[in-house]
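Engineer: Mind having a look at this structure? Questions to follow.
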Amino acid sequence: MKIGIVGTGYVGSTAAYCLVLQGVASEIVLVDHQPSLAAAQAMDLRDATPFCHPVLISSGDFAALAGCQLVVIAAGVSQQPGETRLDLLQKNALVFADIMPKIIQSASDSVFLIATNPLDIMTQVATTLAVRVGIPACRVFGSGTILDTARFRTLLSQLFGVAPSSVHACVVGEHGDSEVLVWSGARIAGVSLEEFAQAKGVILTEEMKRQVEQDVRGAAYKIIAGKGSTYFGVGTAIASLCRSVLYDERVAYTVCSVMPSVEGVENVALSLPHIIGRDGIQMTVVPPLNPAEKSALRQSAEIIRVHMEKISF
């Protein structure tokens, strides 16, 4: 099972490290516009293999992606302190316009996992370029709000004193400031938050909800302000998505794909729960939303659509 990673900065290299630790792939090839960086990352990663799983790790040019079942695309300009994901828009659209045809030429049978910000728009750019040459849209998806959903679940688990794995909740829409936390559908041990809170003796106030939303949306900004970039969380999330593809696990994740229509907004890439398997997206699940959440999701979709219309590639 061969995985390619294009872009070996913090996110790409951390994803590769997580893949090595988990033994997800038998072969990983690294590609970067700085070949010396990709080669150095490969050498460093090989030093880890005696302590975890035997994985063949190499670096090369785009031709080295031949035979990959999955290609992770983490190439592009990174988000800087004080900069929003959408500020990266035109810069990374041009990067993708350059590299996607080269990736597709070498790995046309692959699933393509996008991990470059602004995530939703880069996913739409990549999907457009892939579909133009006959690749099914289902084989292109972005990491989306998988990490935002994880943050939401973790914060709820802390509020209610349960393990995150017992919390079922999701974040949909943009991977960014307009994302929508679906409170109405959140469940713990199969019951609503209100029912669980009552049983637990916890009062879930609107102020508590506002704090959770602020912490979920603001996490990346705080991390970037403190250390320059985020990579541990998203690297681990990417490894989980790779495992679901390679082993056809069909796990439900909130990832990003181009949707024909979302709350009346047509042809827009955003995150919803998707079943992820060997061919990429196997199924899309639209969660029940209350009127306020529907309105917020529509607004989020509009923001993405408006920004998508501003770029050329």
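Chain labels run A, B, ... following the order of the structure tokens; each chain numbers its residues from 1, and ligands are numbered from 1 in the order shown.
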So which residues touch stretch 204-206 of chain A within 9 Å, counting only C-alpha atoms, skipping near sequence neighbours fewer than 3 positions away, as a tab-separated table (two decimals) with N, CA and C atoms, in the first residue's frame?
Structural biologist:
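Final file, selection.tsv:
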```tsv
chain	number	residue	atom	x	y	z
A	159	LEU	N	-16.59	18.95	29.52
A	159	LEU	CA	-17.71	19.55	30.23
A	159	LEU	C	-18.52	18.51	31.00
A	193	LEU	N	-27.73	16.15	24.53
A	193	LEU	CA	-26.95	16.82	25.56
A	193	LEU	C	-27.81	17.25	26.73
A	194	GLU	N	-29.03	17.74	26.43
A	194	GLU	CA	-29.93	18.19	27.48
A	194	GLU	C	-30.29	17.05	28.43
A	197	ALA	N	-27.13	16.07	30.38
A	197	ALA	CA	-26.81	17.09	31.37
A	197	ALA	C	-27.73	16.97	32.59
A	198	GLN	N	-29.01	16.72	32.31
A	198	GLN	CA	-29.96	16.57	33.42
A	198	GLN	C	-29.60	15.38	34.28
A	209	LYS	N	-22.02	27.33	25.95
A	209	LYS	CA	-22.02	27.03	24.51
A	209	LYS	C	-21.17	28.04	23.74
A	210	ARG	N	-21.33	29.31	24.08
A	210	ARG	CA	-20.54	30.35	23.41
A	210	ARG	C	-19.05	30.14	23.62
A	211	GLN	N	-18.67	29.72	24.84
A	211	GLN	CA	-17.26	29.49	25.13
A	211	GLN	C	-16.72	28.31	24.32
```
Engineer: I'd like the contact shell of stretch 308-312 of chain A - 10 Å cut-off, only C-alpha atoms, skipping same-chain residues fewer than 4 positions apart - returned as a list in words.
Structural biologist: Leu86, Leu89, Gln90, Lys91, Ala93, Leu94, Ala97, Asp120, Ile121, Met122, Gln124, Val125, Val268, Ala269, Glu302, Ile303 and Ile304 of chain A
Engineer: Keeping only C-alpha atoms, write those residues as an mmCIF file, in the first residue's frame.
Structural biologist:
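Once written, part-v2.cif looks like this:
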```
data_model
loop_
_atom_site.group_PDB
_atom_site.id
_atom_site.type_symbol
_atom_site.label_atom_id
_atom_site.label_comp_id
_atom_site.auth_asym_id
_atom_site.auth_seq_id
_atom_site.Cartn_x
_atom_site.Cartn_y
_atom_site.Cartn_z
ATOM 1 C CA LEU A 86 -9.027 32.811 3.228
ATOM 2 C CA LEU A 89 -6.660 32.143 -1.412
ATOM 3 C CA GLN A 90 -5.081 33.211 -4.699
ATOM 4 C CA LYS A 91 -1.556 32.178 -3.710
ATOM 5 C CA ALA A 93 -4.901 28.384 -6.036
ATOM 6 C CA LEU A 94 -1.971 29.116 -8.348
ATOM 7 C CA ALA A 97 -3.003 24.910 -10.820
ATOM 8 C CA ASP A 120 -12.622 24.216 1.164
ATOM 9 C CA ILE A 121 -11.553 26.302 -1.800
ATOM 10 C CA MET A 122 -8.399 24.262 -2.400
ATOM 11 C CA GLN A 124 -12.850 22.728 -4.978
ATOM 12 C CA VAL A 125 -9.886 23.796 -7.113
ATOM 13 C CA VAL A 268 -19.776 24.532 -3.286
ATOM 14 C CA ALA A 269 -17.094 22.640 -1.357
ATOM 15 C CA GLU A 302 -22.215 31.546 0.578
ATOM 16 C CA ILE A 303 -18.926 32.784 2.032
ATOM 17 C CA ILE A 304 -17.042 29.941 0.359
#
```
Engineer: What are the closest atom pairs, with distances in Å to one decimal, for all residues of stretch 94-146 of chain A lying within 8 Å of stretch 167-174 of chain A? Consider only C-alpha atoms, order rows by chain and residue number, and present the result as JSON lines.
Structural biologist:
```
{"residue": "A:Asp120", "atom": "CA", "partner": "A:Glu174", "partner_atom": "CA", "distance": 6.5}
{"residue": "A:Gly144", "atom": "CA", "partner": "A:Glu174", "partner_atom": "CA", "distance": 7.6}
{"residue": "A:Thr145", "atom": "CA", "partner": "A:Val171", "partner_atom": "CA", "distance": 6.2}
{"residue": "A:Ile146", "atom": "CA", "partner": "A:Val171", "partner_atom": "CA", "distance": 7.9}
```
Engineer: Could you write those residues out with N, CA and C atoms, as a PDB file, in the first residue's frame?
Structural biologist:
```pdb
ATOM      1  N   ASP A 120     -11.432  24.434   1.992  1.00  0.00           N
ATOM      2  CA  ASP A 120     -12.622  24.216   1.164  1.00  0.00           C
ATOM      3  C   ASP A 120     -12.376  24.638  -0.276  1.00  0.00           C
ATOM      4  N   GLY A 144     -11.058  18.950   5.727  1.00  0.00           N
ATOM      5  CA  GLY A 144     -12.272  19.628   6.171  1.00  0.00           C
ATOM      6  C   GLY A 144     -12.304  19.959   7.643  1.00  0.00           C
ATOM      7  N   THR A 145     -13.462  19.711   8.251  1.00  0.00           N
ATOM      8  CA  THR A 145     -13.646  20.044   9.670  1.00  0.00           C
ATOM      9  C   THR A 145     -13.410  18.842  10.573  1.00  0.00           C
ATOM     10  N   ILE A 146     -12.647  17.864  10.096  1.00  0.00           N
ATOM     11  CA  ILE A 146     -12.380  16.688  10.926  1.00  0.00           C
ATOM     12  C   ILE A 146     -11.739  17.092  12.252  1.00  0.00           C
TER      13      ILE A 146
END
```
Engineer: Show which residues sit within 9 Å of A:Thr154, as an MDAnalysis selection string. Count only C-alpha atoms, and ignore same-chain residues fewer than 2 positions away.
Structural biologist: chainID A and resid 149:152 156:159 163:165 167
Engineer: Print the selection's residues with C-alpha atoms to a file, as a PDB file, in the first residue's frame.
Structural biologist:
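Done, and the output landed in part.pdb:
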```pdb
ATOM      1  CA  THR A 149     -15.210  18.140  15.063  1.00  0.00           C
ATOM      2  CA  ALA A 150     -12.540  16.493  17.213  1.00  0.00           C
ATOM      3  CA  ARG A 151     -12.131  19.729  19.196  1.00  0.00           C
ATOM      4  CA  PHE A 152     -15.906  19.992  19.655  1.00  0.00           C
ATOM      5  CA  LEU A 156     -17.951  18.436  25.358  1.00  0.00           C
ATOM      6  CA  SER A 157     -16.246  15.431  26.917  1.00  0.00           C
ATOM      7  CA  GLN A 158     -14.492  17.744  29.370  1.00  0.00           C
ATOM      8  CA  LEU A 159     -17.712  19.547  30.234  1.00  0.00           C
ATOM      9  CA  ALA A 163     -14.437  10.075  27.104  1.00  0.00           C
ATOM     10  CA  PRO A 164     -14.424  11.889  23.725  1.00  0.00           C
ATOM     11  CA  SER A 165     -15.236   8.568  22.042  1.00  0.00           C
ATOM     12  CA  VAL A 167     -19.503  11.999  22.402  1.00  0.00           C
TER      13      VAL A 167
END
```
Engineer: I need the residues of stretch 151-248 of chain A that end up classed as strand (DSSP E or B) by DSSP on the backbone, written out as a ChimeraX atom specification.
Structural biologist: /A:167-168,171-173,180-181,187-188,191-192
Engineer: Would you export the selected residues with N, CA and C atoms as a CSV table (one decimal), in the first residue's frame, please?
Structural biologist:
```csv
chain,number,residue,atom,x,y,z
A,167,VAL,N,-18.8,10.8,22.9
A,167,VAL,CA,-19.5,12.0,22.4
A,167,VAL,C,-19.7,11.9,20.9
A,168,HIS,N,-20.9,12.1,20.4
A,168,HIS,CA,-21.1,12.1,19.0
A,168,HIS,C,-21.7,13.5,18.6
A,171,VAL,N,-19.1,19.3,13.4
A,171,VAL,CA,-18.9,20.6,12.9
A,171,VAL,C,-19.0,20.6,11.4
A,172,VAL,N,-19.9,21.4,10.8
A,172,VAL,CA,-20.1,21.3,9.3
A,172,VAL,C,-19.8,22.7,8.7
A,173,GLY,N,-19.8,22.8,7.4
A,173,GLY,CA,-19.6,24.1,6.7
A,173,GLY,C,-18.1,24.3,6.4
A,180,VAL,N,-20.1,25.7,11.4
A,180,VAL,CA,-21.3,25.5,12.2
A,180,VAL,C,-21.2,24.3,13.2
A,181,LEU,N,-21.3,24.6,14.4
A,181,LEU,CA,-21.3,23.5,15.4
A,181,LEU,C,-22.7,23.0,15.6
A,187,ARG,N,-24.9,14.2,20.8
A,187,ARG,CA,-25.4,13.1,21.6
A,187,ARG,C,-24.2,12.6,22.5
A,188,ILE,N,-24.6,12.1,23.7
A,188,ILE,CA,-23.6,11.4,24.6
A,188,ILE,C,-24.3,10.2,25.0
A,191,VAL,N,-28.0,9.8,24.0
A,191,VAL,CA,-29.1,10.7,24.3
A,191,VAL,C,-28.6,12.1,24.1
A,192,SER,N,-29.6,13.0,24.0
A,192,SER,CA,-29.2,14.4,23.7
A,192,SER,C,-28.4,15.0,24.8
```
Engineer: Using only C-alpha atoms, find the one residue out of A:Gly4, A:Val258, A:Pro136, A:Ala220 that sits nearest to A:Phe232.
Structural biologist: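 Ranking A:Gly4, A:Val258, A:Pro136, A:Ala220 by distance to A:Phe232, first place goes to A:Ala220.
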Engineer: Tell me, as number ranges by chain, which residues lie within 6 Å of A:Val71, counting only C-alpha atoms; anything in the same chain fewer than 3 positions away does not count.
Structural biologist: A: 3-5, 112
Engineer: Generate a file of the selected residues that holds N, CA and C atoms, formatted as a CSV table (one decimal), in the first residue's frame.
Structural biologist:
```csv
chain,number,residue,atom,x,y,z
A,3,ILE,N,1.5,5.4,-0.3
A,3,ILE,CA,1.0,6.7,-0.1
A,3,ILE,C,2.0,7.7,-0.6
A,4,GLY,N,1.5,8.7,-1.3
A,4,GLY,CA,2.4,9.8,-1.7
A,4,GLY,C,2.0,11.1,-0.9
A,5,ILE,N,3.0,11.9,-0.5
A,5,ILE,CA,2.7,13.1,0.2
A,5,ILE,C,3.4,14.2,-0.6
A,112,PHE,N,-7.3,11.4,-3.8
A,112,PHE,CA,-6.5,12.6,-3.5
A,112,PHE,C,-7.1,13.3,-2.3
```
Engineer: Using only C-alpha atoms, which of A:Pro50, A:Gly7, A:Gly134, A:Gly12 sits nearest A:Tyr231?
Structural biologist: A:Gly12
Engineer: Mind listing the alpha helix (DSSP H) residues of stretch 16-254 of chain A, per DSSP on the backbone, as a VMD selection string?
Structural biologist: chain A and resid 16 to 22 35 to 46 89 to 106 119 to 132 146 to 160 193 to 200 206 to 227 232 to 246
Engineer: Take the residues just selected and output them with C-alpha atoms as a short mmCIF file (atom, residue, chain, number, x, y, z; two decimals), in the first residue's frame.
Structural biologist:
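Dumped to part-v6.cif:
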```
data_model
loop_
_atom_site.label_atom_id
_atom_site.label_comp_id
_atom_site.auth_asym_id
_atom_site.auth_seq_id
_atom_site.Cartn_x
_atom_site.Cartn_y
_atom_site.Cartn_z
CA ALA A 16 4.12 11.04 7.24
CA TYR A 17 5.43 10.55 10.78
CA CYS A 18 1.97 9.56 12.03
CA LEU A 19 1.62 7.11 9.13
CA VAL A 20 4.97 5.56 10.03
CA LEU A 21 4.10 5.26 13.73
CA GLN A 22 0.75 3.64 12.92
CA PRO A 35 13.90 18.19 -3.29
CA SER A 36 16.53 18.53 -0.57
CA LEU A 37 13.80 19.04 2.04
CA ALA A 38 11.87 15.97 0.90
CA ALA A 39 15.09 13.91 0.91
CA ALA A 40 16.00 15.09 4.41
CA GLN A 41 12.50 14.33 5.74
CA ALA A 42 12.67 10.85 4.23
CA MET A 43 16.05 10.20 5.89
CA ASP A 44 14.77 11.41 9.24
CA LEU A 45 11.62 9.27 8.98
CA ARG A 46 13.62 6.17 8.06
CA LEU A 89 -6.66 32.14 -1.41
CA GLN A 90 -5.08 33.21 -4.70
CA LYS A 91 -1.56 32.18 -3.71
CA ASN A 92 -2.44 28.55 -3.14
CA ALA A 93 -4.90 28.38 -6.04
CA LEU A 94 -1.97 29.12 -8.35
CA VAL A 95 0.16 26.50 -6.60
CA PHE A 96 -2.54 23.88 -7.19
CA ALA A 97 -3.00 24.91 -10.82
CA ASP A 98 0.68 24.10 -11.29
CA ILE A 99 1.01 20.85 -9.34
CA MET A 100 -2.34 19.08 -9.74
CA PRO A 101 -1.85 18.19 -13.44
CA LYS A 102 1.60 16.78 -12.61
CA ILE A 103 0.21 14.73 -9.72
CA ILE A 104 -2.68 13.42 -11.79
CA GLN A 105 -0.40 12.50 -14.67
CA SER A 106 1.61 10.17 -12.41
CA LEU A 119 -9.17 23.98 2.72
CA ASP A 120 -12.62 24.22 1.16
CA ILE A 121 -11.55 26.30 -1.80
CA MET A 122 -8.40 24.26 -2.40
CA THR A 123 -10.57 21.13 -2.40
CA GLN A 124 -12.85 22.73 -4.98
CA VAL A 125 -9.89 23.80 -7.11
CA ALA A 126 -8.39 20.30 -6.95
CA THR A 127 -11.74 18.67 -7.74
CA THR A 128 -12.30 20.95 -10.72
CA LEU A 129 -8.87 20.15 -12.14
CA ALA A 130 -9.37 16.42 -11.57
CA VAL A 131 -12.85 16.25 -13.07
CA ARG A 132 -11.61 18.04 -16.20
CA ILE A 146 -12.38 16.69 10.93
CA LEU A 147 -10.17 18.52 13.42
CA ASP A 148 -12.86 21.04 14.37
CA THR A 149 -15.21 18.14 15.06
CA ALA A 150 -12.54 16.49 17.21
CA ARG A 151 -12.13 19.73 19.20
CA PHE A 152 -15.91 19.99 19.65
CA ARG A 153 -16.14 16.42 20.92
CA THR A 154 -13.17 16.89 23.24
CA LEU A 155 -14.56 20.07 24.81
CA LEU A 156 -17.95 18.44 25.36
CA SER A 157 -16.25 15.43 26.92
CA GLN A 158 -14.49 17.74 29.37
CA LEU A 159 -17.71 19.55 30.23
CA PHE A 160 -19.57 16.32 30.97
CA LEU A 193 -26.95 16.82 25.56
CA GLU A 194 -29.93 18.19 27.48
CA GLU A 195 -30.94 14.73 28.66
CA PHE A 196 -27.41 13.78 29.59
CA ALA A 197 -26.81 17.09 31.37
CA GLN A 198 -29.96 16.57 33.42
CA ALA A 199 -28.87 13.06 34.38
CA LYS A 200 -25.37 14.30 35.20
CA GLU A 206 -25.76 29.58 26.61
CA GLU A 207 -22.56 31.10 27.97
CA MET A 208 -20.99 27.63 28.12
CA LYS A 209 -22.02 27.03 24.51
CA ARG A 210 -20.54 30.35 23.41
CA GLN A 211 -17.26 29.49 25.13
CA VAL A 212 -17.11 26.09 23.43
CA GLU A 213 -17.76 27.69 20.03
CA GLN A 214 -15.10 30.31 20.68
CA ASP A 215 -12.57 27.66 21.70
CA VAL A 216 -13.29 25.48 18.66
CA ARG A 217 -13.07 28.34 16.16
CA GLY A 218 -10.15 30.05 17.83
CA ALA A 219 -7.93 27.03 18.48
CA ALA A 220 -5.89 27.32 15.28
CA TYR A 221 -5.30 31.05 15.79
CA LYS A 222 -4.00 30.46 19.32
CA ILE A 223 -1.72 27.64 18.21
CA ILE A 224 -0.34 29.67 15.30
CA ALA A 225 0.22 32.69 17.56
CA GLY A 226 2.10 30.51 20.04
CA LYS A 227 4.19 28.24 17.80
CA PHE A 232 0.20 17.54 15.27
CA GLY A 233 -3.60 17.40 15.27
CA VAL A 234 -4.08 17.63 11.52
CA GLY A 235 -1.21 15.21 10.87
CA THR A 236 -2.89 12.59 13.03
CA ALA A 237 -6.26 13.27 11.40
CA ILE A 238 -4.72 12.81 7.94
CA ALA A 239 -3.27 9.47 9.01
CA SER A 240 -6.72 8.34 10.16
CA LEU A 241 -8.25 9.35 6.83
CA CYS A 242 -5.49 7.50 4.96
CA ARG A 243 -6.17 4.36 6.97
CA SER A 244 -9.89 4.57 6.21
CA VAL A 245 -9.12 4.78 2.48
CA LEU A 246 -6.43 2.12 2.25
#
```
